[in-house]
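Undergrad: My structure is below; once you've seen it, I'll send some questions.
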Amino acid sequence: LADALAVVPDGVTINVITYQAVQETLILSGAAPQRASVNAFRDALEKSGRFEKVHIPVGALAGTQDGRFTVTLTAL
């Protein structure tokens with residue numbers, strides 16, 4: 001969790017954090033002022049090397065969800 005929160009870009013807020021033990025996934029829900037911030041967050045998570053999978057729905061990356069997004073992370 002600390003690794004994911006350490007790379008949150010300025011202006012991006014995380015509102016809900018959920019851990020699913022069975023799937024070993026971490027889900028972060030939040031909002032960003034622009035879609036570029038969501039893309040930057042995804043890129044930073046991928047480059048951190050701490051997660052096997054980083055998934056953000058296409059709608060959030062395309063900017064169709066009014067800045068709201070959900071990131072699903074699977075740890076290594």
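FYI, nothing fancy with the structure tokens labels: chains A, B, ... in order, residues from 1 per chain, ligands from 1 as they appear.
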Give the alpha helix (DSSP H) residues of chain A, as assigned by DSSP on the backbone, as a ChimeraX atom specification.

TA: /A:2-5,35-47,58-62

Undergrad: So which residues of chain A fall under strand (DSSP E) by DSSP, listed as a PyMOL selection string?

TA: chain A and resi 13-20+25-31+51-55+68-75

Undergrad: With range 51-72 of chain A as the partner and 9 Å as the cut-off, tabulate the residues of range 17-41 of chain A that qualify, each row holding the nearest pair of atoms and their distance in Å to one decimal, using only C-alpha atoms, sorted by chain and rising number, as a tab-separated table.

TA:
```
residue	atom	partner	partner_atom	distance
A:Thr25	CA	A:Thr72	CA	6.6
A:Leu26	CA	A:Thr72	CA	5.8
A:Ile27	CA	A:Thr72	CA	4.5
A:Leu28	CA	A:Val71	CA	5.2
A:Ser29	CA	A:Thr70	CA	4.3
A:Gly30	CA	A:Phe69	CA	5.6
A:Ala31	CA	A:Arg68	CA	4.3
A:Ala32	CA	A:Gly67	CA	4.9
A:Pro33	CA	A:Gly67	CA	5.9
A:Gln34	CA	A:Gly67	CA	6.1
A:Arg35	CA	A:Gly63	CA	5.1
A:Ala36	CA	A:Leu61	CA	7.9
A:Val38	CA	A:Leu61	CA	6.4
A:Asn39	CA	A:Leu61	CA	6.3
```

Undergrad: Which one of A:Thr74, A:Glu24, A:Tyr19, A:Gly11 sits closest to Ala40 in chain A if you count only C-alpha atoms?

TA: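 The answer is A:Gly11, which sits nearest to Ala40 in chain A.
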
Undergrad: Quick one: everything within 9 Å of Val8 in chain A, counting only C-alpha atoms, minus sequence neighbours fewer than 4 positions away in the same chain. Send it as a PDB file with N, CA, C and O atoms, in the first residue's frame.

TA:
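File written: result-v3.pdb
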```pdb
ATOM      1  N   ALA A   4       2.269   2.055  -3.436  1.00  0.00           N
ATOM      2  CA  ALA A   4       1.293   2.629  -4.363  1.00  0.00           C
ATOM      3  C   ALA A   4       1.019   4.088  -4.020  1.00  0.00           C
ATOM      4  O   ALA A   4       0.981   4.946  -4.904  1.00  0.00           O
ATOM      5  N   VAL A  12      -4.011  14.339  -7.483  1.00  0.00           N
ATOM      6  CA  VAL A  12      -4.781  13.096  -7.486  1.00  0.00           C
ATOM      7  C   VAL A  12      -5.121  12.744  -6.045  1.00  0.00           C
ATOM      8  O   VAL A  12      -4.258  12.803  -5.163  1.00  0.00           O
ATOM      9  N   THR A  13      -6.379  12.404  -5.812  1.00  0.00           N
ATOM     10  CA  THR A  13      -6.793  11.998  -4.466  1.00  0.00           C
ATOM     11  C   THR A  13      -7.256  10.548  -4.491  1.00  0.00           C
ATOM     12  O   THR A  13      -7.874  10.103  -5.452  1.00  0.00           O
ATOM     13  N   ILE A  14      -6.926   9.832  -3.443  1.00  0.00           N
ATOM     14  CA  ILE A  14      -7.389   8.456  -3.248  1.00  0.00           C
ATOM     15  C   ILE A  14      -8.430   8.508  -2.145  1.00  0.00           C
ATOM     16  O   ILE A  14      -8.141   8.934  -1.029  1.00  0.00           O
ATOM     17  N   SER A  37      -3.252  12.941 -15.491  1.00  0.00           N
ATOM     18  CA  SER A  37      -2.844  12.570 -14.126  1.00  0.00           C
ATOM     19  C   SER A  37      -3.094  11.096 -13.867  1.00  0.00           C
ATOM     20  O   SER A  37      -2.295  10.423 -13.204  1.00  0.00           O
ATOM     21  N   ALA A  40      -0.407   9.262 -15.709  1.00  0.00           N
ATOM     22  CA  ALA A  40       0.863   9.401 -14.994  1.00  0.00           C
ATOM     23  C   ALA A  40       0.907   8.468 -13.792  1.00  0.00           C
ATOM     24  O   ALA A  40       1.953   7.866 -13.499  1.00  0.00           O
ATOM     25  N   PHE A  41      -0.213   8.334 -13.100  1.00  0.00           N
ATOM     26  CA  PHE A  41      -0.293   7.438 -11.946  1.00  0.00           C
ATOM     27  C   PHE A  41      -0.083   5.995 -12.403  1.00  0.00           C
ATOM     28  O   PHE A  41       0.708   5.251 -11.813  1.00  0.00           O
ATOM     29  N   ALA A  44       3.574   5.445 -13.295  1.00  0.00           N
ATOM     30  CA  ALA A  44       4.426   5.400 -12.096  1.00  0.00           C
ATOM     31  C   ALA A  44       4.275   4.067 -11.363  1.00  0.00           C
ATOM     32  O   ALA A  44       5.259   3.501 -10.881  1.00  0.00           O
ATOM     33  N   LEU A  45       3.050   3.559 -11.298  1.00  0.00           N
ATOM     34  CA  LEU A  45       2.823   2.267 -10.652  1.00  0.00           C
ATOM     35  C   LEU A  45       3.518   1.147 -11.417  1.00  0.00           C
ATOM     36  O   LEU A  45       4.156   0.276 -10.819  1.00  0.00           O
TER      37      LEU A  45
END
```

Undergrad: What gap, in Å, lies between CA of Ala75 in chain A and CA of Val22 in chain A?

TA: 12.6 Å
